[in-house]
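Peer 1: Below is a structure I'd like to ask you about.
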Amino acid sequence: MTSWLGLPELASQHGASLDRVLGLVHVLMAVLFVGWGAFFAYVLVRFRRKRNPVADPVGVTSHTSTWLEVAVAVAEALLLVGLSMPLWADRVEHLPPPGESTRIRVVAEQFAWNVHYPGPDGLFGRTDVKLIDAQSNPLGLDRDDPAAKDDVTTINQLHLPVDRPVLITLSSKDVIHSFALQEMRVKQDVVPGVGVQVWFVPKVTTAEMRSRTGNPAFNYEISCAQLCGLGHYRMRGLVTVESPDDFQKWMDDQETQLAPSSEDAVWK
Ligand SMILES: [Cu+2]
C-alpha cells in the first residue's frame, strides 16, 4: 500500500517507523503552512489602512503568538528528540551481528556498483588497487589469496535473501556517490576513503512485490542519489530479493562459474 505521501512501496523492516516520522513531519508542516497562511490573511484584513489610518507604536499586546511559537518549538523538539534521534541511533548503533547477516561489500565507481560477496568461507578476499582492471577485475580482487578463491563478484547485480539482515560496507573508487534503495528506505552517501556500513532487513521478495503492485515487470533497483558525473543517470543496479533457497541456488551457480572449467582441466 502506497502511503498518502506517495512514497515507493515499503519492503524493509525499519521502513515503517521511518515513514511514520516522515508523515508526522509533513503533518506539522501542513498545520504550520495553513496556520501561518490564515494568520497572514487575517492580518492583512484586520490591520488594513482604512481601519488604521494612524500607525500604532505599541502593536500587539496579547501573548497568544508567543505561546503558539512555544507550542511549535515543543512539537518540533518531540519529533526530533522523541522520534528521529532514537530511530537514527537504532540504525547506526545496533548493527546486526555479522554472523547472522548477509555481508556484502559494495564499491561504487563512475558509473557502476561493484558487488563483492565473501563466498561460503565468509571471508572477503584481499583487494589491491594495483590489481584493478576496469574490464576484468574492477574490484582489484587478489584471486591468489585463499580467502578470495570463493568470493563472488558482480556488477550492478545485488541478490539478497528475504527476512535476514543485510550488512553492506560501502566504499567508492572515485567521487561521492549515494547508495539508494527506495523500497528499503535506505540512502547512504558513499565517500571515497571511508567504509560506511548500512543495514536493513528486506521483508518482501521481488516476486511478492510483483503481485502486490500488479506489475509483472517490477524490480528493486539501486540508484545513485548523488549527482556524480555525466553518466550518473545510468548508475543503476538490479536488486533481486528472493527466498533463502533461491538465494543459495544463485550463489551456487556463481560458485560453479568460478570453478575451473573442464576445458582448463584438460590442458593442465
Ligand atoms: Cu554515482
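Here's how to read the names in the C-alpha cells: chain A, B, ... by the order shown, residue numbers from 1 in each chain, ligand numbers from 1 in the order shown.
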Could you pull out the residues sitting within 12 Å of ligand 1, using only C-alpha atoms and all ligand atoms, and write them as a ChimeraX atom specification?
Peer 2: /A:107-114,171-180,188-192,222-237
Peer 1: Set the distance at 12 Å and use only C-alpha atoms: which residues neighbour Leu22 in chain A once local chain neighbours fewer than 3 positions away are removed? I'd like the list as JSON, numbers by chain.
Peer 2: {"A": [3, 4, 5, 6, 7, 15, 16, 17, 18, 19, 25, 26, 27, 28, 29, 79, 80, 83, 84, 87, 185]}
Peer 1: Store the residues of this selection in a file with C-alpha atoms, as an mmCIF file, in the first residue's frame.
Peer 2:
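Listed below is the output, part38.cif:
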```cif
data_model
loop_
_atom_site.group_PDB
_atom_site.id
_atom_site.type_symbol
_atom_site.label_atom_id
_atom_site.label_comp_id
_atom_site.auth_asym_id
_atom_site.auth_seq_id
_atom_site.Cartn_x
_atom_site.Cartn_y
_atom_site.Cartn_z
ATOM 1 C CA SER A 3 1.190 5.788 1.801
ATOM 2 C CA TRP A 4 -0.591 9.114 1.424
ATOM 3 C CA LEU A 5 2.789 10.767 0.846
ATOM 4 C CA GLY A 6 3.180 8.910 -2.418
ATOM 5 C CA LEU A 7 6.289 7.096 -1.243
ATOM 6 C CA GLY A 15 10.975 1.431 6.932
ATOM 7 C CA ALA A 16 7.584 1.746 8.650
ATOM 8 C CA SER A 17 8.964 3.778 11.562
ATOM 9 C CA LEU A 18 10.872 5.991 9.146
ATOM 10 C CA ASP A 19 7.711 6.579 7.116
ATOM 11 C CA VAL A 25 6.828 15.961 9.908
ATOM 12 C CA HIS A 26 4.546 16.560 6.933
ATOM 13 C CA VAL A 27 1.505 16.879 9.226
ATOM 14 C CA LEU A 28 3.315 19.503 11.297
ATOM 15 C CA MET A 29 4.406 21.356 8.148
ATOM 16 C CA LEU A 79 9.724 14.961 16.579
ATOM 17 C CA LEU A 80 13.475 15.401 16.729
ATOM 18 C CA LEU A 83 11.256 10.072 17.264
ATOM 19 C CA SER A 84 14.021 10.944 14.813
ATOM 20 C CA LEU A 87 15.343 5.952 15.040
ATOM 21 C CA ARG A 185 14.202 3.191 2.808
#
```
Peer 1: Would you mind telling me which residue in A:Thr61, A:Gln13, A:Thr154, A:Thr256 lies nearest to Phe200 in chain A when using only C-alpha atoms?
Peer 2: A:Gln13
Peer 1: Looking only at the backbone, which of the residues in range 186-238 of chain A does DSSP tag as alpha helix (DSSP H), as a list of chain:residue names?
Peer 2: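 In range 186-238 of chain A, DSSP puts these residues in alpha helix (DSSP H): A:Thr206, A:Ala207, A:Glu208, A:Met209, A:Arg210, A:Ser211, A:Arg212, A:Thr213.
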Peer 1: For Asp163 in chain A, find every residue with an atom within 7 Å (counting only C-alpha atoms), except residues of its own chain fewer than 2 positions away, and show them as a ChimeraX atom specification.
Peer 2: /A:161,165,201-203
Peer 1: Can you pull out every residue within 12 Å of range 240-249 of chain A, counting only C-alpha atoms, but drop anything in the same chain fewer than 3 positions away, and send it as JSON, numbers by chain?
Peer 2: {"A": [11, 12, 102, 119, 120, 156, 157, 158, 159, 160, 161, 162, 163, 164, 166, 181, 183, 184, 201, 202, 203, 204, 205, 206, 207, 208, 209, 210, 218, 219, 220, 221, 222, 237, 252, 253, 254, 255, 256]}
Peer 1: Store the residues picked out above, limited to N, CA, C and O atoms, as a short mmCIF file (atom, residue, chain, number, x, y, z; two decimals), in the first residue's frame.
Peer 2:
```cif
data_model
loop_
_atom_site.label_atom_id
_atom_site.label_comp_id
_atom_site.auth_asym_id
_atom_site.auth_seq_id
_atom_site.Cartn_x
_atom_site.Cartn_y
_atom_site.Cartn_z
N ALA A 11 9.44 -2.11 1.75
CA ALA A 11 9.86 -3.51 1.71
C ALA A 11 10.89 -3.87 2.78
O ALA A 11 11.48 -4.94 2.72
N SER A 12 11.11 -2.97 3.75
CA SER A 12 12.10 -3.31 4.78
C SER A 12 11.49 -3.20 6.17
O SER A 12 10.45 -2.57 6.36
N THR A 102 23.68 -11.24 5.93
CA THR A 102 24.25 -11.38 4.60
C THR A 102 25.22 -10.21 4.44
O THR A 102 24.80 -9.06 4.41
N GLY A 119 31.56 -15.30 -0.18
CA GLY A 119 31.53 -16.73 -0.53
C GLY A 119 31.32 -17.59 0.71
O GLY A 119 31.18 -17.07 1.82
N PRO A 120 31.32 -18.93 0.54
CA PRO A 120 31.00 -19.84 1.64
C PRO A 120 31.94 -19.70 2.84
O PRO A 120 31.53 -19.95 3.98
N ASN A 156 26.52 -4.33 -10.76
CA ASN A 156 25.13 -3.87 -10.79
C ASN A 156 24.11 -4.99 -10.54
O ASN A 156 22.99 -4.91 -11.02
N GLN A 157 24.52 -6.02 -9.83
CA GLN A 157 23.59 -7.12 -9.53
C GLN A 157 23.68 -7.42 -8.04
O GLN A 157 24.73 -7.84 -7.57
N LEU A 158 22.58 -7.21 -7.35
CA LEU A 158 22.58 -7.49 -5.92
C LEU A 158 21.50 -8.54 -5.65
O LEU A 158 20.33 -8.31 -5.97
N HIS A 159 21.90 -9.68 -5.13
CA HIS A 159 20.93 -10.70 -4.75
C HIS A 159 20.87 -10.75 -3.23
O HIS A 159 21.91 -10.79 -2.57
N LEU A 160 19.67 -10.76 -2.66
CA LEU A 160 19.52 -10.74 -1.21
C LEU A 160 18.48 -11.77 -0.78
O LEU A 160 17.41 -11.85 -1.39
N PRO A 161 18.77 -12.55 0.27
CA PRO A 161 17.74 -13.42 0.80
C PRO A 161 16.79 -12.61 1.68
O PRO A 161 17.21 -11.69 2.39
N VAL A 162 15.51 -12.96 1.63
CA VAL A 162 14.49 -12.21 2.37
C VAL A 162 14.59 -12.53 3.87
O VAL A 162 15.12 -13.59 4.26
N ASP A 163 14.11 -11.63 4.72
CA ASP A 163 13.98 -11.85 6.17
C ASP A 163 15.30 -12.06 6.92
O ASP A 163 15.30 -12.61 8.02
N ARG A 164 16.41 -11.69 6.33
CA ARG A 164 17.69 -11.83 7.00
C ARG A 164 18.39 -10.47 6.90
O ARG A 164 18.38 -9.85 5.83
N VAL A 166 20.78 -7.58 6.13
CA VAL A 166 21.80 -7.37 5.10
C VAL A 166 22.73 -6.29 5.63
O VAL A 166 22.28 -5.21 6.01
N LEU A 181 18.28 2.56 -1.98
CA LEU A 181 17.31 1.51 -2.27
C LEU A 181 15.97 2.06 -1.77
O LEU A 181 15.68 2.02 -0.58
N GLU A 183 12.72 1.32 -1.92
CA GLU A 183 11.72 0.50 -1.22
C GLU A 183 12.21 0.03 0.14
O GLU A 183 11.41 -0.30 1.01
N MET A 184 13.55 -0.03 0.32
CA MET A 184 14.11 -0.44 1.61
C MET A 184 14.29 0.76 2.54
O MET A 184 14.73 0.60 3.68
N VAL A 201 16.64 -5.04 6.78
CA VAL A 201 16.10 -6.40 6.63
C VAL A 201 15.04 -6.37 5.53
O VAL A 201 13.97 -5.80 5.73
N PRO A 202 15.33 -6.96 4.37
CA PRO A 202 14.31 -7.00 3.32
C PRO A 202 13.18 -7.94 3.73
O PRO A 202 13.44 -9.06 4.18
N LYS A 203 11.94 -7.47 3.62
CA LYS A 203 10.79 -8.27 4.08
C LYS A 203 9.92 -8.78 2.93
O LYS A 203 9.01 -9.58 3.16
N VAL A 204 10.12 -8.27 1.73
CA VAL A 204 9.24 -8.63 0.62
C VAL A 204 10.09 -9.06 -0.57
O VAL A 204 10.96 -8.31 -1.02
N THR A 205 9.86 -10.26 -1.06
CA THR A 205 10.65 -10.72 -2.21
C THR A 205 10.22 -9.98 -3.48
O THR A 205 9.13 -9.39 -3.53
N THR A 206 11.07 -10.05 -4.47
CA THR A 206 10.73 -9.42 -5.76
C THR A 206 9.43 -9.99 -6.29
O THR A 206 8.55 -9.26 -6.76
N ALA A 207 9.27 -11.33 -6.19
CA ALA A 207 8.05 -11.98 -6.71
C ALA A 207 6.81 -11.47 -5.96
O ALA A 207 5.79 -11.15 -6.58
N GLU A 208 6.90 -11.38 -4.62
CA GLU A 208 5.76 -10.89 -3.84
C GLU A 208 5.42 -9.44 -4.22
O GLU A 208 4.26 -9.06 -4.31
N MET A 209 6.48 -8.65 -4.44
CA MET A 209 6.24 -7.25 -4.79
C MET A 209 5.59 -7.12 -6.15
O MET A 209 4.77 -6.24 -6.38
N ARG A 210 5.94 -8.06 -7.06
CA ARG A 210 5.31 -8.04 -8.38
C ARG A 210 3.81 -8.28 -8.27
O ARG A 210 3.00 -7.61 -8.93
N PHE A 218 8.06 -5.47 -12.29
CA PHE A 218 8.67 -4.75 -11.18
C PHE A 218 10.03 -5.32 -10.80
O PHE A 218 10.23 -6.53 -10.76
N ASN A 219 10.98 -4.44 -10.53
CA ASN A 219 12.26 -4.84 -9.97
C ASN A 219 12.72 -3.80 -8.96
O ASN A 219 12.51 -2.60 -9.16
N TYR A 220 13.33 -4.27 -7.89
CA TYR A 220 14.02 -3.33 -6.99
C TYR A 220 15.26 -2.84 -7.71
O TYR A 220 15.88 -3.58 -8.47
N GLU A 221 15.63 -1.59 -7.42
CA GLU A 221 16.80 -1.02 -8.07
C GLU A 221 17.71 -0.35 -7.07
O GLU A 221 17.24 0.22 -6.09
N ILE A 222 19.01 -0.39 -7.34
CA ILE A 222 19.93 0.50 -6.65
C ILE A 222 19.99 1.74 -7.53
O ILE A 222 20.19 1.62 -8.74
N GLY A 237 21.51 -0.30 -10.44
CA GLY A 237 21.72 -1.73 -10.31
C GLY A 237 20.40 -2.44 -10.08
O GLY A 237 19.40 -1.83 -9.71
N ASP A 252 25.25 -20.73 -5.51
CA ASP A 252 25.89 -21.95 -6.01
C ASP A 252 26.23 -21.82 -7.50
O ASP A 252 27.30 -22.26 -7.93
N ASP A 253 25.30 -21.23 -8.27
CA ASP A 253 25.57 -21.01 -9.69
C ASP A 253 26.81 -20.16 -9.89
O ASP A 253 27.64 -20.44 -10.75
N GLN A 254 26.90 -19.12 -9.07
CA GLN A 254 28.06 -18.22 -9.19
C GLN A 254 29.34 -18.98 -8.86
O GLN A 254 30.36 -18.82 -9.52
N GLU A 255 29.26 -19.83 -7.83
CA GLU A 255 30.44 -20.61 -7.42
C GLU A 255 30.86 -21.56 -8.54
O GLU A 255 32.04 -21.75 -8.80
N THR A 256 29.85 -22.18 -9.21
CA THR A 256 30.15 -23.10 -10.30
C THR A 256 30.91 -22.38 -11.41
O THR A 256 31.84 -22.92 -12.00
#
```
Peer 1: Give me the residues within 9 Å of range 129-143 of chain A as number ranges by chain, counting only C-alpha atoms and dropping any in the same chain fewer than 4 places off.
Peer 2: A: 107, 114-116, 125, 147-151, 153, 155
Peer 1: Could you save the residues just selected, with N, CA, C and O atoms, as a PDB file, in the first residue's frame?
Peer 2:
```
ATOM      1  N   VAL A 107      31.271  -1.450  -3.877  1.00  0.00           N
ATOM      2  CA  VAL A 107      32.240  -0.407  -4.208  1.00  0.00           C
ATOM      3  C   VAL A 107      31.697   0.386  -5.402  1.00  0.00           C
ATOM      4  O   VAL A 107      31.504  -0.164  -6.491  1.00  0.00           O
ATOM      5  N   ASN A 114      29.998  -2.095  -7.927  1.00  0.00           N
ATOM      6  CA  ASN A 114      30.718  -3.369  -7.886  1.00  0.00           C
ATOM      7  C   ASN A 114      30.361  -4.081  -6.597  1.00  0.00           C
ATOM      8  O   ASN A 114      30.521  -3.530  -5.515  1.00  0.00           O
ATOM      9  N   VAL A 115      29.866  -5.297  -6.757  1.00  0.00           N
ATOM     10  CA  VAL A 115      29.343  -6.038  -5.614  1.00  0.00           C
ATOM     11  C   VAL A 115      30.277  -7.199  -5.290  1.00  0.00           C
ATOM     12  O   VAL A 115      30.748  -7.890  -6.191  1.00  0.00           O
ATOM     13  N   HIS A 116      30.559  -7.388  -4.014  1.00  0.00           N
ATOM     14  CA  HIS A 116      31.539  -8.385  -3.583  1.00  0.00           C
ATOM     15  C   HIS A 116      30.947  -9.209  -2.434  1.00  0.00           C
ATOM     16  O   HIS A 116      30.692  -8.679  -1.353  1.00  0.00           O
ATOM     17  N   GLY A 125      38.110 -11.739   0.323  1.00  0.00           N
ATOM     18  CA  GLY A 125      39.497 -11.856  -0.114  1.00  0.00           C
ATOM     19  C   GLY A 125      40.180 -10.499  -0.184  1.00  0.00           C
ATOM     20  O   GLY A 125      39.529  -9.450  -0.188  1.00  0.00           O
ATOM     21  N   ALA A 147      41.450 -16.686   0.771  1.00  0.00           N
ATOM     22  CA  ALA A 147      40.114 -16.194   1.150  1.00  0.00           C
ATOM     23  C   ALA A 147      39.336 -15.681  -0.046  1.00  0.00           C
ATOM     24  O   ALA A 147      38.107 -15.556   0.002  1.00  0.00           O
ATOM     25  N   ALA A 148      40.042 -15.380  -1.140  1.00  0.00           N
ATOM     26  CA  ALA A 148      39.381 -14.787  -2.308  1.00  0.00           C
ATOM     27  C   ALA A 148      38.885 -15.827  -3.297  1.00  0.00           C
ATOM     28  O   ALA A 148      38.094 -15.524  -4.182  1.00  0.00           O
ATOM     29  N   LYS A 149      39.367 -17.081  -3.142  1.00  0.00           N
ATOM     30  CA  LYS A 149      39.064 -18.121  -4.139  1.00  0.00           C
ATOM     31  C   LYS A 149      37.565 -18.302  -4.377  1.00  0.00           C
ATOM     32  O   LYS A 149      37.133 -18.511  -5.498  1.00  0.00           O
ATOM     33  N   ASP A 150      36.783 -18.230  -3.284  1.00  0.00           N
ATOM     34  CA  ASP A 150      35.345 -18.482  -3.420  1.00  0.00           C
ATOM     35  C   ASP A 150      34.526 -17.187  -3.445  1.00  0.00           C
ATOM     36  O   ASP A 150      33.304 -17.232  -3.372  1.00  0.00           O
ATOM     37  N   ASP A 151      35.199 -16.050  -3.521  1.00  0.00           N
ATOM     38  CA  ASP A 151      34.456 -14.783  -3.496  1.00  0.00           C
ATOM     39  C   ASP A 151      33.678 -14.583  -4.794  1.00  0.00           C
ATOM     40  O   ASP A 151      34.179 -14.867  -5.879  1.00  0.00           O
ATOM     41  N   THR A 153      31.756 -11.967  -7.285  1.00  0.00           N
ATOM     42  CA  THR A 153      31.633 -10.542  -7.605  1.00  0.00           C
ATOM     43  C   THR A 153      30.643 -10.357  -8.747  1.00  0.00           C
ATOM     44  O   THR A 153      30.513 -11.216  -9.615  1.00  0.00           O
ATOM     45  N   ILE A 155      28.574  -7.040 -11.172  1.00  0.00           N
ATOM     46  CA  ILE A 155      28.469  -5.603 -11.450  1.00  0.00           C
ATOM     47  C   ILE A 155      26.991  -5.273 -11.572  1.00  0.00           C
ATOM     48  O   ILE A 155      26.270  -5.902 -12.352  1.00  0.00           O
TER      49      ILE A 155
END
```
Peer 1: Of the candidates A:Val45, A:Val72, A:Asp144, A:Trp199, which one gets nearest to Phe33 in chain A if we count only C-alpha atoms?
Peer 2: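 Result for the nearest residue to Phe33 in chain A: A:Val72.
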Peer 1: Have a look at CA of Ser62 in chain A and CA of Ala30 in chain A and let me know their distance in Å, one decimal.
Peer 2: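 Separating CA of Ser62 in chain A from CA of Ala30 in chain A is a distance of 25.0 Å.
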